[in-house]
Amino acid sequence: MRRYVLSRLLAAVPLLLGVSFLAFVLVTLIPADPAEVALRVNEIIPSPELIELQRKELGLDQPFWERYVRWLGNSLRLDFGHSYTNHHRTVAGELGRCLPATLSLAGVSLLFVVGASIPLAVASAMTRDSLFDRLVRTLVFFGTAMPNYWVAFLAIWLFAVHFDLLPTGGDEGWRSYLLPAFTLSMTYISTYVRLIRNTMLAVMQEPFVLYARARGLPEAAVVRHVLKNSLQSSLTALGMSVPQLIAGSFVVENIFAWPGVGRLCVSAIFNRDYPVIQAYVLMMGVLFIVCNLLVDIISAMIDPRRQAEL
Amino acid sequence: MLRNLLEDRVALLCLAVIGVTVLAGLFAPYVAPHDPLAGNILYKFKTMSWNYPLGTDQQGRCVLSRLIYGIQPTILLSLVTMAATITLGAAYGLVSGSAGGLVDEGLMRFCDVMLSFPSQVMILAVVGMLGVGMENVIIANILIKWAFYARMIRGSVLGYRNRNYVVFSRTTGSGSWFILSRHMLPAVLPEIVVLASLDTGWVILNISTLSFLGLGVQAPAPEWGAMLNEARQVIVAHPGQMLAPGLAVLTLVAAFNMLGDSLRDALEIKGSGR
């Protein structure tokens, strides 16, 4: 087990370097000169001397690799520099301020995903081809084809405007979590209901289920065994949904005026605030790699056969 | 496979929906009843009528015409995106798979890095750095998906490389290009078609979402996501404005997804040796 964890950790190092390089190199591909942008966003009219000064200040006059190494070193210490639009604010501080809102939204959404998909999938698989099953399958189908920002709209109109039950946006207590979390989790619920239902139907064909029934186990016990054997494949996928929910929240955050990192990043895009975008990209890339690593290690702990797959 | 598909009514319906939509998009100037950009401020928020089949929006522009003109940026651009993705992925995968050795190893490690970059972050990164606009959205979408296709095609190339008929062809002196294009490509094509159909739906959703956020197609231009963004501003007074573009996206994405599912079924029937 220790060897497995070590080798996975080592394999993650080149990935982390790759992601950081990508996040860095994207800024050098900017069609405009970052120094000029940094001046313009503060409504300073750029003159050649000012641009030269700004380039020095941003360290843009140094060679590429030197800049990359310095940037990487600073990033490791969580120093992402200052925002272009708000000189007295650090990028790290901005991200830190917005991160809790995104994390709590993603957390509530994850609860929604687990809480809704498992019961729906089990009920649907147990009553295969019944009216309920067909209804669930239809909902699942539309759940993956509907644009989730549109669903957010319909929900805002119905619950916030028409019935005036819930707030339209912002973060004002638990009631404002309901609509954004529902919108964010909808696609995932659909995916997992489909996945768990299909795995359960496949598992139900296995000999051990027939044996359990032949032994006269109560149906509830049989379902429990089937579910236990079906959830393992979903567990890996569910682990990877955590970073997806965190990174994918930018659409929902924008619709519901949620004060999270996704909204911060989109407004940074409009303001051409490159350090913020760069830090966001790096943070999310690292998050994905770390989550992937954790999921691999956890599933290897549950199922030792995986440790051999190296 | 084709016959199975033709017998499948759902698949035919999906093909019909997609075909009609693409045609309407290509011939938008002839099909649309009005100019999508010309508003008549005296006729705003009209309900359905003969002159304006789907009514008018907040600037008095014909909703149906805007929907029809919106097909081009939505479907046609996503088809372009998919074509580019598959070409790039296929070329990369074929080279990597047939080269083998260190080249293959290096190319695949690069693929791993690309695949570990999550799609949402890739979009924000590319659009964020290169600037807001449709070209960059397409670049981002290609960057997200190509590595996936490259890896799949490489896998199939490795799987087929030592099949008897390929080995036979090689011993009779066929060139490597001939083997790639005549033996390998047809073998992986069905799988690519299924994936491409499912992914097209995904790309359509993606383009419309980004246009909705204002990162893709820009506001006055008719695009379904951008139309929804405009409808958002009048959600309290005129909630009906968000119905038509949303349903349009839903129908089209559903058609591509269902088509992909049917194609997969058709393939599996063939695969089970019937």
# chains A, B, ... in the order shown; residues from 1 in each chain; ligands from 1

$ residues_around --residues "Val217 (chain B)" --least-positions-apart "5" --cutoff "7 Å" --atoms "only C-alpha atoms" --output "PyMOL selection string"
chain B and resi 133-134+211+223+226

$ closest_atom_pairs --of "region 56-166 of chain A" --to "region 198-210 of chain B" --cutoff "10 Å" --atoms "only C-alpha atoms" --output "JSON lines"
{"residue": "A:Thr144", "atom": "CA", "partner": "B:Trp202", "partner_atom": "CA", "distance": 9.3}
{"residue": "A:Ala145", "atom": "CA", "partner": "B:Gly201", "partner_atom": "CA", "distance": 7.7}
{"residue": "A:Met146", "atom": "CA", "partner": "B:Leu205", "partner_atom": "CA", "distance": 8.1}
{"residue": "A:Pro147", "atom": "CA", "partner": "B:Leu205", "partner_atom": "CA", "distance": 6.1}
{"residue": "A:Asn148", "atom": "CA", "partner": "B:Thr209", "partner_atom": "CA", "distance": 8.4}
{"residue": "A:Tyr149", "atom": "CA", "partner": "B:Thr209", "partner_atom": "CA", "distance": 7.1}
{"residue": "A:Trp150", "atom": "CA", "partner": "B:Thr209", "partner_atom": "CA", "distance": 9.1}

$ write_last_selection --atoms "N, CA and C atoms" --output "compact mmCIF listing (two decimals), in the first residue's frame"
# COMPACT_ATOMS: atom_id res chain seq x y z
N THR A 144 -29.86 15.71 -18.65
CA THR A 144 -28.55 15.85 -19.28
C THR A 144 -28.61 16.71 -20.53
N ALA A 145 -29.81 16.91 -21.09
CA ALA A 145 -29.89 17.68 -22.34
C ALA A 145 -30.24 19.14 -22.10
N MET A 146 -30.75 19.46 -20.90
CA MET A 146 -31.17 20.84 -20.65
C MET A 146 -29.98 21.69 -20.27
N PRO A 147 -29.91 22.89 -20.84
CA PRO A 147 -28.85 23.79 -20.39
C PRO A 147 -29.12 24.19 -18.94
N ASN A 148 -28.15 24.05 -18.05
CA ASN A 148 -28.50 24.26 -16.64
C ASN A 148 -28.74 25.74 -16.31
N TYR A 149 -28.20 26.65 -17.14
CA TYR A 149 -28.53 28.04 -16.86
C TYR A 149 -29.99 28.33 -17.17
N TRP A 150 -30.54 27.58 -18.11
CA TRP A 150 -31.96 27.75 -18.44
C TRP A 150 -32.83 27.22 -17.30

$ interface_residues --of "chain A" --to "chain B" --cutoff "7 Å" --atoms "only C-alpha atoms" --output "JSON, numbers by chain"
{"A": [15, 18, 19, 26, 27, 30, 31, 145, 146, 147, 150, 157, 161, 247, 248, 269, 274, 277, 281, 284, 285, 289]}

$ write_last_selection --atoms "N, CA and C atoms" --output "compact mmCIF listing (two decimals), in the first residue's frame"
# COMPACT_ATOMS: atom_id res chain seq x y z
N LEU A 15 2.51 15.94 -13.61
CA LEU A 15 1.20 16.52 -13.93
C LEU A 15 1.08 17.92 -13.34
N GLY A 18 3.14 20.24 -15.27
CA GLY A 18 2.50 20.50 -16.56
C GLY A 18 1.39 21.52 -16.44
N VAL A 19 0.54 21.33 -15.43
CA VAL A 19 -0.58 22.25 -15.24
C VAL A 19 -0.08 23.66 -14.92
N LEU A 26 -0.07 30.49 -20.77
CA LEU A 26 -1.24 31.14 -21.37
C LEU A 26 -1.11 32.66 -21.31
N VAL A 27 -0.51 33.16 -20.23
CA VAL A 27 -0.38 34.62 -20.12
C VAL A 27 0.56 35.17 -21.19
N ILE A 30 -1.11 36.05 -24.50
CA ILE A 30 -2.05 37.17 -24.59
C ILE A 30 -1.70 38.02 -25.80
N PRO A 31 -2.73 38.34 -26.61
CA PRO A 31 -2.43 39.15 -27.79
C PRO A 31 -1.89 40.54 -27.45
N ALA A 145 -29.81 16.91 -21.09
CA ALA A 145 -29.89 17.68 -22.34
C ALA A 145 -30.24 19.14 -22.10
N MET A 146 -30.75 19.46 -20.90
CA MET A 146 -31.17 20.84 -20.65
C MET A 146 -29.98 21.69 -20.27
N PRO A 147 -29.91 22.89 -20.84
CA PRO A 147 -28.85 23.79 -20.39
C PRO A 147 -29.12 24.19 -18.94
N TRP A 150 -30.54 27.58 -18.11
CA TRP A 150 -31.96 27.75 -18.44
C TRP A 150 -32.83 27.22 -17.30
N TRP A 157 -37.76 32.01 -11.91
CA TRP A 157 -39.06 32.59 -12.23
C TRP A 157 -40.16 31.95 -11.36
N VAL A 161 -39.81 34.57 -8.38
CA VAL A 161 -40.64 35.65 -8.90
C VAL A 161 -42.12 35.34 -8.74
N ALA A 247 -15.30 23.64 -9.69
CA ALA A 247 -14.88 24.41 -10.85
C ALA A 247 -16.06 24.77 -11.74
N GLY A 248 -17.08 23.89 -11.76
CA GLY A 248 -18.20 24.11 -12.67
C GLY A 248 -19.21 25.10 -12.14
N ILE A 269 -12.13 38.00 -16.08
CA ILE A 269 -11.98 37.87 -17.53
C ILE A 269 -12.44 39.15 -18.22
N TYR A 274 -5.37 39.58 -15.42
CA TYR A 274 -4.71 38.30 -15.69
C TYR A 274 -4.20 37.55 -14.46
N ILE A 277 -7.00 35.42 -13.06
CA ILE A 277 -7.35 34.27 -13.90
C ILE A 277 -6.28 33.19 -13.77
N VAL A 281 -6.88 29.42 -12.46
CA VAL A 281 -6.60 28.25 -13.29
C VAL A 281 -5.65 27.30 -12.57
N MET A 284 -7.46 25.52 -9.61
CA MET A 284 -8.39 24.47 -10.01
C MET A 284 -7.65 23.26 -10.58
N GLY A 285 -6.59 23.52 -11.36
CA GLY A 285 -5.82 22.42 -11.90
C GLY A 285 -5.23 21.56 -10.79
N ILE A 289 -5.98 17.52 -9.70
CA ILE A 289 -4.95 16.50 -9.58
C ILE A 289 -4.97 15.89 -8.18

$ closest_atom_pairs --of "region 77-157 of chain A" --to "region 175-189 of chain A" --cutoff "10 Å" --atoms "only C-alpha atoms" --output "tab-separated table"
residue	atom	partner	partner_atom	distance
A:Ser104	CA	A:Tyr177	CA	9.0
A:Leu105	CA	A:Ala181	CA	6.2
A:Ala106	CA	A:Ala181	CA	7.3
A:Gly107	CA	A:Ala181	CA	8.8
A:Val108	CA	A:Ala181	CA	6.3
A:Ser109	CA	A:Ala181	CA	4.7
A:Leu110	CA	A:Ser185	CA	7.0
A:Leu111	CA	A:Ser185	CA	9.0
A:Phe112	CA	A:Ser185	CA	6.5
A:Val113	CA	A:Ile189	CA	5.1
A:Val114	CA	A:Ile189	CA	7.8
A:Gly115	CA	A:Ile189	CA	9.2
A:Ala116	CA	A:Ile189	CA	6.8
A:Ser117	CA	A:Ile189	CA	5.3
A:Ile118	CA	A:Ile189	CA	8.9
A:Leu120	CA	A:Ile189	CA	9.2
A:Ala121	CA	A:Ile189	CA	9.7
A:Val140	CA	A:Ile189	CA	7.9
A:Phe141	CA	A:Thr187	CA	9.8
A:Phe142	CA	A:Thr187	CA	9.3
A:Gly143	CA	A:Thr187	CA	5.7
A:Thr144	CA	A:Thr187	CA	5.5
A:Ala145	CA	A:Thr187	CA	8.7
A:Met146	CA	A:Thr187	CA	8.5
A:Pro147	CA	A:Thr187	CA	9.1
A:Asn148	CA	A:Thr183	CA	6.2
A:Tyr149	CA	A:Thr183	CA	7.6
A:Trp150	CA	A:Thr183	CA	9.2
A:Val151	CA	A:Thr183	CA	6.6
A:Ala152	CA	A:Thr183	CA	5.7
A:Phe153	CA	A:Thr183	CA	9.5
A:Ala155	CA	A:Leu179	CA	6.9
A:Ile156	CA	A:Leu179	CA	7.5

$ residues_around --residues "region 93-108 of chain B" --least-positions-apart "4" --cutoff "7 Å" --atoms "only C-alpha atoms" --output "ChimeraX atom specification"
/B:89,112,150-151,153-154,157-158

$ atom_distance --atom1 "CA of Ser241 (chain A)" --atom2 "CA of Pro100 (chain A)"
17.8 Å

$ select_by_dssp --residues "region 28-227 of chain A" --states "helix (DSSP H, G or I)" --output "PDB file with C-alpha atoms, in the first residue's frame"
ATOM      1  CA  THR A  28       2.495  34.856 -22.573  1.00  0.00           C
ATOM      2  CA  PRO A  34       0.262  42.647 -20.116  1.00  0.00           C
ATOM      3  CA  ALA A  35       2.087  45.778 -18.989  1.00  0.00           C
ATOM      4  CA  GLU A  36      -0.090  47.904 -21.257  1.00  0.00           C
ATOM      5  CA  VAL A  37      -3.225  46.110 -20.063  1.00  0.00           C
ATOM      6  CA  ALA A  38      -2.235  46.652 -16.443  1.00  0.00           C
ATOM      7  CA  LEU A  39      -1.982  50.379 -17.141  1.00  0.00           C
ATOM      8  CA  ARG A  40      -5.141  50.629 -19.215  1.00  0.00           C
ATOM      9  CA  PRO A  48       6.392  54.103 -23.837  1.00  0.00           C
ATOM     10  CA  GLU A  49       8.174  55.146 -20.638  1.00  0.00           C
ATOM     11  CA  LEU A  50       5.277  54.076 -18.435  1.00  0.00           C
ATOM     12  CA  ILE A  51       5.014  50.726 -20.212  1.00  0.00           C
ATOM     13  CA  GLU A  52       8.757  50.183 -19.721  1.00  0.00           C
ATOM     14  CA  LEU A  53       8.388  51.005 -16.030  1.00  0.00           C
ATOM     15  CA  GLN A  54       5.400  48.725 -15.647  1.00  0.00           C
ATOM     16  CA  ARG A  55       7.216  45.904 -17.445  1.00  0.00           C
ATOM     17  CA  LYS A  56      10.055  46.191 -14.934  1.00  0.00           C
ATOM     18  CA  GLU A  57       7.621  46.262 -12.055  1.00  0.00           C
ATOM     19  CA  LEU A  58       5.844  43.121 -13.308  1.00  0.00           C
ATOM     20  CA  PHE A  64      10.864  33.377 -19.948  1.00  0.00           C
ATOM     21  CA  TRP A  65      12.248  30.496 -17.879  1.00  0.00           C
ATOM     22  CA  GLU A  66      13.470  32.783 -15.132  1.00  0.00           C
ATOM     23  CA  ARG A  67      10.008  34.290 -14.906  1.00  0.00           C
ATOM     24  CA  TYR A  68       8.393  30.856 -14.814  1.00  0.00           C
ATOM     25  CA  VAL A  69      10.634  29.603 -12.006  1.00  0.00           C
ATOM     26  CA  ARG A  70      10.092  32.761  -9.973  1.00  0.00           C
ATOM     27  CA  TRP A  71       6.332  32.621 -10.533  1.00  0.00           C
ATOM     28  CA  LEU A  72       6.252  28.941  -9.540  1.00  0.00           C
ATOM     29  CA  GLY A  73       8.243  29.661  -6.399  1.00  0.00           C
ATOM     30  CA  ASN A  74       5.924  32.509  -5.443  1.00  0.00           C
ATOM     31  CA  SER A  75       2.859  30.391  -6.180  1.00  0.00           C
ATOM     32  CA  LEU A  76       4.124  27.666  -3.885  1.00  0.00           C
ATOM     33  CA  VAL A  91      -4.838  37.828  -5.588  1.00  0.00           C
ATOM     34  CA  ALA A  92      -4.464  35.256  -2.824  1.00  0.00           C
ATOM     35  CA  GLY A  93      -6.592  37.409  -0.526  1.00  0.00           C
ATOM     36  CA  GLU A  94      -9.312  37.762  -3.184  1.00  0.00           C
ATOM     37  CA  LEU A  95      -9.398  34.010  -3.811  1.00  0.00           C
ATOM     38  CA  GLY A  96      -9.386  33.311  -0.066  1.00  0.00           C
ATOM     39  CA  ARG A  97     -12.280  35.707   0.438  1.00  0.00           C
ATOM     40  CA  CYS A  98     -14.411  34.057  -2.269  1.00  0.00           C
ATOM     41  CA  LEU A  99     -13.441  30.424  -1.797  1.00  0.00           C
ATOM     42  CA  PRO A 100     -15.652  29.608   1.240  1.00  0.00           C
ATOM     43  CA  ALA A 101     -18.835  30.568  -0.637  1.00  0.00           C
ATOM     44  CA  THR A 102     -17.919  28.296  -3.550  1.00  0.00           C
ATOM     45  CA  LEU A 103     -16.910  25.433  -1.271  1.00  0.00           C
ATOM     46  CA  SER A 104     -20.101  25.568   0.757  1.00  0.00           C
ATOM     47  CA  LEU A 105     -22.226  25.724  -2.404  1.00  0.00           C
ATOM     48  CA  ALA A 106     -20.350  22.738  -3.843  1.00  0.00           C
ATOM     49  CA  GLY A 107     -20.762  20.907  -0.527  1.00  0.00           C
ATOM     50  CA  VAL A 108     -24.517  21.416  -0.424  1.00  0.00           C
ATOM     51  CA  SER A 109     -24.735  20.373  -4.077  1.00  0.00           C
ATOM     52  CA  LEU A 110     -22.788  17.199  -3.323  1.00  0.00           C
ATOM     53  CA  LEU A 111     -25.279  16.396  -0.549  1.00  0.00           C
ATOM     54  CA  PHE A 112     -28.083  16.932  -3.070  1.00  0.00           C
ATOM     55  CA  VAL A 113     -26.362  14.641  -5.565  1.00  0.00           C
ATOM     56  CA  VAL A 114     -25.845  11.794  -3.093  1.00  0.00           C
ATOM     57  CA  GLY A 115     -29.186  12.293  -1.361  1.00  0.00           C
ATOM     58  CA  ALA A 116     -31.203  12.291  -4.561  1.00  0.00           C
ATOM     59  CA  SER A 117     -29.402   9.930  -6.918  1.00  0.00           C
ATOM     60  CA  ILE A 118     -29.067   6.843  -4.702  1.00  0.00           C
ATOM     61  CA  PRO A 119     -32.750   6.575  -3.633  1.00  0.00           C
ATOM     62  CA  LEU A 120     -33.958   7.414  -7.149  1.00  0.00           C
ATOM     63  CA  ALA A 121     -31.633   4.878  -8.755  1.00  0.00           C
ATOM     64  CA  VAL A 122     -32.517   2.125  -6.285  1.00  0.00           C
ATOM     65  CA  ALA A 123     -36.249   2.701  -6.597  1.00  0.00           C
ATOM     66  CA  SER A 124     -35.949   2.870 -10.358  1.00  0.00           C
ATOM     67  CA  ALA A 125     -33.890  -0.308 -10.649  1.00  0.00           C
ATOM     68  CA  MET A 126     -36.154  -2.242  -8.249  1.00  0.00           C
ATOM     69  CA  LEU A 131     -44.340   3.815 -14.703  1.00  0.00           C
ATOM     70  CA  PHE A 132     -42.022   5.230 -12.027  1.00  0.00           C
ATOM     71  CA  ASP A 133     -38.930   3.831 -13.719  1.00  0.00           C
ATOM     72  CA  ARG A 134     -39.939   5.263 -17.069  1.00  0.00           C
ATOM     73  CA  LEU A 135     -40.649   8.641 -15.480  1.00  0.00           C
ATOM     74  CA  VAL A 136     -37.223   8.671 -13.818  1.00  0.00           C
ATOM     75  CA  ARG A 137     -35.553   7.706 -17.089  1.00  0.00           C
ATOM     76  CA  THR A 138     -37.300  10.521 -18.921  1.00  0.00           C
ATOM     77  CA  LEU A 139     -36.291  13.025 -16.261  1.00  0.00           C
ATOM     78  CA  VAL A 140     -32.716  11.752 -16.390  1.00  0.00           C
ATOM     79  CA  PHE A 141     -32.656  12.140 -20.148  1.00  0.00           C
ATOM     80  CA  PHE A 142     -33.868  15.728 -20.034  1.00  0.00           C
ATOM     81  CA  GLY A 143     -31.604  16.443 -17.100  1.00  0.00           C
ATOM     82  CA  THR A 144     -28.553  15.848 -19.278  1.00  0.00           C
ATOM     83  CA  ALA A 145     -29.886  17.677 -22.339  1.00  0.00           C
ATOM     84  CA  ASN A 148     -28.496  24.265 -16.643  1.00  0.00           C
ATOM     85  CA  TYR A 149     -28.528  28.044 -16.859  1.00  0.00           C
ATOM     86  CA  TRP A 150     -31.958  27.746 -18.441  1.00  0.00           C
ATOM     87  CA  VAL A 151     -33.167  25.518 -15.616  1.00  0.00           C
ATOM     88  CA  ALA A 152     -31.846  28.130 -13.222  1.00  0.00           C
ATOM     89  CA  PHE A 153     -34.033  30.693 -14.989  1.00  0.00           C
ATOM     90  CA  LEU A 154     -37.150  28.600 -14.891  1.00  0.00           C
ATOM     91  CA  ALA A 155     -36.498  27.961 -11.189  1.00  0.00           C
ATOM     92  CA  ILE A 156     -35.896  31.638 -10.449  1.00  0.00           C
ATOM     93  CA  TRP A 157     -39.062  32.592 -12.229  1.00  0.00           C
ATOM     94  CA  LEU A 158     -41.192  29.917 -10.563  1.00  0.00           C
ATOM     95  CA  PHE A 159     -39.902  30.009  -6.979  1.00  0.00           C
ATOM     96  CA  ALA A 160     -38.492  33.497  -6.628  1.00  0.00           C
ATOM     97  CA  VAL A 161     -40.636  35.652  -8.902  1.00  0.00           C
ATOM     98  CA  HIS A 162     -43.945  33.867  -9.239  1.00  0.00           C
ATOM     99  CA  ARG A 175     -32.766  29.493   1.768  1.00  0.00           C
ATOM    100  CA  SER A 176     -30.504  31.061  -0.826  1.00  0.00           C
ATOM    101  CA  TYR A 177     -28.627  27.759  -1.167  1.00  0.00           C
ATOM    102  CA  LEU A 178     -31.607  25.831  -2.474  1.00  0.00           C
ATOM    103  CA  LEU A 179     -31.912  27.131  -6.042  1.00  0.00           C
ATOM    104  CA  PRO A 180     -28.190  27.383  -6.911  1.00  0.00           C
ATOM    105  CA  ALA A 181     -27.418  23.991  -5.386  1.00  0.00           C
ATOM    106  CA  PHE A 182     -30.348  22.406  -7.223  1.00  0.00           C
ATOM    107  CA  THR A 183     -29.209  23.874 -10.540  1.00  0.00           C
ATOM    108  CA  LEU A 184     -25.613  22.854  -9.998  1.00  0.00           C
ATOM    109  CA  SER A 185     -26.459  19.312  -8.940  1.00  0.00           C
ATOM    110  CA  MET A 186     -29.101  18.593 -11.609  1.00  0.00           C
ATOM    111  CA  THR A 187     -26.701  17.326 -14.300  1.00  0.00           C
ATOM    112  CA  TYR A 188     -24.816  15.202 -11.790  1.00  0.00           C
ATOM    113  CA  ILE A 189     -27.970  13.693 -10.340  1.00  0.00           C
ATOM    114  CA  SER A 190     -29.016  12.657 -13.839  1.00  0.00           C
ATOM    115  CA  THR A 191     -25.625  11.107 -14.551  1.00  0.00           C
ATOM    116  CA  TYR A 192     -25.516   9.151 -11.301  1.00  0.00           C
ATOM    117  CA  VAL A 193     -29.080   7.907 -11.413  1.00  0.00           C
ATOM    118  CA  ARG A 194     -28.313   6.487 -14.835  1.00  0.00           C
ATOM    119  CA  LEU A 195     -24.954   5.039 -13.763  1.00  0.00           C
ATOM    120  CA  ILE A 196     -26.147   3.460 -10.486  1.00  0.00           C
ATOM    121  CA  ARG A 197     -29.367   2.150 -12.016  1.00  0.00           C
ATOM    122  CA  ASN A 198     -27.547   0.461 -14.903  1.00  0.00           C
ATOM    123  CA  THR A 199     -24.860  -1.014 -12.638  1.00  0.00           C
ATOM    124  CA  MET A 200     -27.523  -2.340 -10.266  1.00  0.00           C
ATOM    125  CA  LEU A 201     -29.396  -3.995 -13.126  1.00  0.00           C
ATOM    126  CA  ALA A 202     -26.149  -5.637 -14.243  1.00  0.00           C
ATOM    127  CA  VAL A 203     -25.236  -6.746 -10.711  1.00  0.00           C
ATOM    128  CA  PRO A 207     -24.992 -15.567  -9.409  1.00  0.00           C
ATOM    129  CA  PHE A 208     -24.602 -14.304  -5.851  1.00  0.00           C
ATOM    130  CA  VAL A 209     -27.943 -12.511  -6.085  1.00  0.00           C
ATOM    131  CA  LEU A 210     -29.660 -15.675  -7.244  1.00  0.00           C
ATOM    132  CA  TYR A 211     -27.992 -17.528  -4.386  1.00  0.00           C
ATOM    133  CA  ALA A 212     -29.083 -14.898  -1.865  1.00  0.00           C
ATOM    134  CA  ARG A 213     -32.671 -15.238  -3.091  1.00  0.00           C
ATOM    135  CA  ALA A 214     -32.429 -19.045  -3.054  1.00  0.00           C
ATOM    136  CA  GLU A 219     -35.653  -8.690  -0.331  1.00  0.00           C
ATOM    137  CA  ALA A 220     -34.266  -5.739   1.663  1.00  0.00           C
ATOM    138  CA  ALA A 221     -31.092  -7.693   2.418  1.00  0.00           C
ATOM    139  CA  VAL A 222     -30.729  -8.640  -1.247  1.00  0.00           C
ATOM    140  CA  VAL A 223     -31.071  -4.995  -2.282  1.00  0.00           C
ATOM    141  CA  ARG A 224     -28.457  -4.041   0.281  1.00  0.00           C
ATOM    142  CA  HIS A 225     -25.980  -6.522  -1.212  1.00  0.00           C
ATOM    143  CA  VAL A 226     -26.710  -5.385  -4.745  1.00  0.00           C
ATOM    144  CA  LEU A 227     -26.312  -1.732  -3.799  1.00  0.00           C
TER     145      LEU A 227
END

$ residues_around --residues "Ile302 (chain A)" --least-positions-apart "3" --cutoff "12 Å" --atoms "only C-alpha atoms" --output "PyMOL selection string"
chain A and resi 1+229+231-233+235-236+295-299+305-307

$ closest_residue --among "B:Leu143, B:Met152, B:Val167, B:Ala32" --to "Met82 (chain B)" --atoms "only C-alpha atoms"
B:Leu143

$ atom_distance --atom1 "CA of Val10 (chain B)" --atom2 "CA of Leu259 (chain B)"
7.7 Å

$ residues_around --residues "Gly70 (chain B)" --least-positions-apart "5" --cutoff "9 Å" --atoms "only C-alpha atoms" --output "PyMOL selection string"
chain B and resi 25+28+65+75+221-224+227

$ closest_residue --among "B:Ile138, B:Met184, B:Ala196, B:Ile71" --to "Ile18 (chain B)" --atoms "only C-alpha atoms"
B:Ile71

$ atom_distance --atom1 "CA of Leu293 (chain A)" --atom2 "CA of Leu78 (chain A)"
21.2 Å

$ closest_residue --among "B:Leu185, B:Leu26, B:Ala84, B:Cys14" --to "Gly260 (chain B)" --atoms "only C-alpha atoms"
B:Cys14

$ decode --residues "region 87-98 of chain B" --atoms "C-alpha atoms" --output "short mmCIF file (atom, residue, chain, number, x, y, z; two decimals), in the first residue's frame"
data_model
loop_
_atom_site.label_atom_id
_atom_site.label_comp_id
_atom_site.auth_asym_id
_atom_site.auth_seq_id
_atom_site.Cartn_x
_atom_site.Cartn_y
_atom_site.Cartn_z
CA THR B 87 -9.00 15.49 -37.16
CA LEU B 88 -6.45 16.67 -34.63
CA GLY B 89 -7.09 13.74 -32.28
CA ALA B 90 -7.00 11.19 -35.11
CA ALA B 91 -3.76 12.51 -36.55
CA TYR B 92 -2.12 12.61 -33.12
CA GLY B 93 -3.40 9.18 -32.12
CA LEU B 94 -2.41 7.54 -35.39
CA VAL B 95 1.09 9.00 -35.27
CA SER B 96 1.53 8.10 -31.61
CA GLY B 97 0.17 4.58 -32.01
CA SER B 98 2.15 3.70 -35.10
#
